[in-house]
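K.L.:
Take a look at this one; I'll ask things after.
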Amino acid sequence: MTSQSPPDIDDLAAVASELGFDLPSDALDTSRDAASQLADTAAAVRERDPTSATETPPQAGVLDDEYGALLYGYETPRQRHTDGVLDGYRVAVKDNIAAAGLPMTCGSEGFEHTPGFDAAVVDRLLNAGAQLVGKANMDAFAFGPSGEFSGRAPVTNPLDEDRIPGGSSSGSGAAVAAGSVDVALGTDTGGSVRIPAACCGVVGVKPSFGTVPTHGVVPFAPSLDTVGPLARDVDTAANALTAIQGPDPRDATTTPTASVDLPDTPTFGIPVSFLEACTPQVVDAIDELRNSLSTDFDVQSVEVPFGAIEEAYSLVGATEFAWYVRQHGTIRGIGATYNSGWTAALHEFITEQGFSDHVAKRVLPAATLDAHENGQPYVAGRREARTFDQSLQAAFANVDLLLTPTLRALPHKYGQIGADDSMYDLLGNTAPFNLTGHPAVTLPIAERDGLPVSAQVIAPRYADAAAIAGAKQIETHVNTY
């Protein structure tokens, strides 16, 4: 990274005016001297960047994959240990997760950065015995939700080539469904693990916010981002979550996992509001599951009003991405990866090429409102999320777990989902739980017209093990694939 000269008096005066500071000239002189000293310190720290080196990885190359699910990979899979909960599992990680020596493109045609370090979750996968194959394709910069917006290669749904794979972790879902890997990690900011899992007929886990560290993961919306596994069955997904969860000193948002006892026969609550926008095929599949579960469990209808939670997701998520872009890849305060190489690469991409039209259409409305109304729309989105969270707490006072459709319809055909209201067919039932931080596990429960219908199990915050256990119990009641 090229060094920059320290700020002069005019620079300080401009920033002071922006911040509402009115300083005399002698105070500006003192501030200039302090800024110069801080600049020297920052430069020295950059020289010893702790995220710039790791073990030397095997040779990397482009993986051969008929579904477009995988991108760059290692010549031979990386494996650090031959024991652990993931010993023998072939694993891929979404291409916004750093893996040493592999190009990280974030699914964008014009962006590429090769990190010299592993994300926290990659380090934990290797410590758990996993065989790291390489990178999974994705919608550019994680802007799904259909899986049609990779700038690297189109991703095909292994179940039906005419149907979307779901996004933004499109390659993760397709690679698991095709059997190319046993586990794939994705990121979930509004449903980007659960949506491709549902479209591709596999299991996907969105952990509680803060359960899994995001150090080394490219952000979308830092207060909503999570990293979770996709697998072909609940047990495998649970093993992967066990491997990657837990606090990390490099990520201030991480929290210890909670121990929540789930009754042997938990009570399931089905929020009526989550069925209202669903197609008859999806409602029928949920009714079928309800009847099956009712033979062994208490299944109740519960009230969880939707309110404006869908719009709140757009106000919060898109606005946080805009903030991140304005800061050229550095998140102040809760940033989980402070890496000068990454921020320099993103700065170059933004200034020389810029984002796709799809990303712009998703971000621009909320970003403009944020700038025009001094952040008040973002505050409104947060308040709506709080109202929805209170409704969830009221529901959990009467039931142990919530059960909803993951998607409101069968996986769409290509070209039917845009950056407008149609995207809520995919993320309308998933995004609310990113705003509240609750864990959610999706799994296939039925088949309609040869396509999967999935349900998601939601547990109280930090009761991730309860959500996994509930999903496992449902898995025993269905026979789909």
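Chain labels run A, B, ... following the order of the structure tokens; each chain numbers its residues from 1, and ligands are numbered from 1 in the order shown.
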Each residue of region 416-443 of chain A with at least one atom at most 10 Å from region 378-385 of chain A should appear once, together with its nearest atom pair and the corresponding distance in Å (one decimal); atoms considered: only C-alpha atoms; ordering: chain, then increasing residue number; output as CSV.

P.N.:
```
residue,atom,partner,partner_atom,distance
A:Pro432,CA,A:Ala385,CA,7.6
A:Phe433,CA,A:Ala385,CA,9.2
A:Asn434,CA,A:Ala385,CA,9.5
A:Leu435,CA,A:Ala385,CA,5.9
A:Thr436,CA,A:Ala385,CA,6.5
```

K.L.:
Using only C-alpha atoms, pick whichever of A:Arg250, A:His438, A:Arg448, A:His477 has the shortest atom-to-atom distance to Leu224 (chain A).

P.N.:
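Smallest distance to Leu224 (chain A) is found for A:His438.
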
K.L.:
Given only C-alpha atoms as the basis, pick out the residue of A:Tyr414, A:Phe321, A:Phe355, A:Phe268 nearest to Ser146 (chain A).

P.N.:
A:Tyr414

K.L.:
Fewer than 3 positions away in the same chain doesn't count, so skip those; otherwise give me all residues within 6 Å of Ser208 (chain A), counting only C-alpha atoms, as a ChimeraX atom specification.

P.N.:
/A:211,437-439,461-462

K.L.:
Once you count only C-alpha atoms, what closest atom pair and distance in Å to one decimal does each residue of region 231-255 of chain A within 9 Å of region 118-122 of chain A have, with rows by chain and rising residue number, as a Markdown table?

P.N.:
```
| residue | atom | partner | partner_atom | distance |
| --- | --- | --- | --- | --- |
| A:Ala243 | CA | A:Val121 | CA | 8.3 |
| A:Ile244 | CA | A:Val121 | CA | 5.3 |
| A:Gln245 | CA | A:Val121 | CA | 8.0 |
| A:Asp248 | CA | A:Ala120 | CA | 7.8 |
| A:Arg250 | CA | A:Ala120 | CA | 8.7 |
```

K.L.:
With a distance cut-off of 7 Å and only C-alpha atoms, select the neighbouring residues of Leu407 (chain A), excluding the residue or stretch itself and same-chain residues fewer than 4 positions from it, and output the selection as a PyMOL selection string.

P.N.:
chain A and resi 425-426+429

K.L.:
Once you have the residues from the selection above, write them out as a PDB file, in the first residue's frame, restricted to N, CA, C and O atoms.

P.N.:
```
ATOM      1  N   ASP A 425     -40.408 -13.294  -2.144  1.00  0.00           N
ATOM      2  CA  ASP A 425     -40.827 -14.690  -2.257  1.00  0.00           C
ATOM      3  C   ASP A 425     -39.741 -15.609  -1.720  1.00  0.00           C
ATOM      4  O   ASP A 425     -40.026 -16.709  -1.243  1.00  0.00           O
ATOM      5  N   LEU A 426     -38.483 -15.162  -1.831  1.00  0.00           N
ATOM      6  CA  LEU A 426     -37.366 -15.964  -1.358  1.00  0.00           C
ATOM      7  C   LEU A 426     -36.939 -15.594   0.050  1.00  0.00           C
ATOM      8  O   LEU A 426     -36.753 -16.468   0.899  1.00  0.00           O
ATOM      9  N   ASN A 429     -39.447 -14.833   4.405  1.00  0.00           N
ATOM     10  CA  ASN A 429     -39.575 -15.645   5.615  1.00  0.00           C
ATOM     11  C   ASN A 429     -38.242 -15.882   6.317  1.00  0.00           C
ATOM     12  O   ASN A 429     -38.220 -16.430   7.422  1.00  0.00           O
TER      13      ASN A 429
END
```

K.L.:
Using only C-alpha atoms, which protein or nucleic acid residues come within 7 Å of region 124-133 of chain A? Drop anything in the same chain fewer than 5 positions from it, and give the result as a VMD selection string.

P.N.:
chain A and resid 73 to 74 77 to 92 243 to 244

K.L.:
Considering only C-alpha atoms, state which residue in the set A:Phe143, A:Phe274, A:Trp323, A:Phe349 is at the smallest distance from Arg362 (chain A).

P.N.:
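Nearest candidate to Arg362 (chain A) out of A:Phe143, A:Phe274, A:Trp323, A:Phe349: A:Phe143.
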
K.L.:
Find, counting only C-alpha atoms, the residue in A:Gly246, A:Gly470, A:Pro263, A:Gly101 that gets nearest to Ile458 (chain A).

P.N.:
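Closest residue, counting only C-alpha atoms: A:Gly470.
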
K.L.:
Mind giving me the straight-line distance from CA of Asp65 (chain A) to CA of Gly201 (chain A) in Å, one decimal?

P.N.:
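Taking CA of Asp65 (chain A) and CA of Gly201 (chain A), their separation equals 19.0 Å.
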
K.L.:
To one decimal place in Å, what is the distance between CA of Lys94 (chain A) and CA of Asn137 (chain A)?

P.N.:
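Computed distance, CA of Lys94 (chain A) to CA of Asn137 (chain A), equals 6.4 Å.
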
K.L.:
Can you work out which one of A:Leu63, A:Ala463, A:Gln473, A:Val93 has the shortest atom-to-atom distance to Val260 (chain A), counting only C-alpha atoms?

P.N.:
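Comparing A:Leu63, A:Ala463, A:Gln473, A:Val93 against Val260 (chain A), the winner is A:Ala463.
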
K.L.:
If you count only C-alpha atoms, which residues fall within 10 Å of Lys472 (chain A), apart from same-chain ones fewer than 6 positions away, as a count of residues only?

P.N.:
8
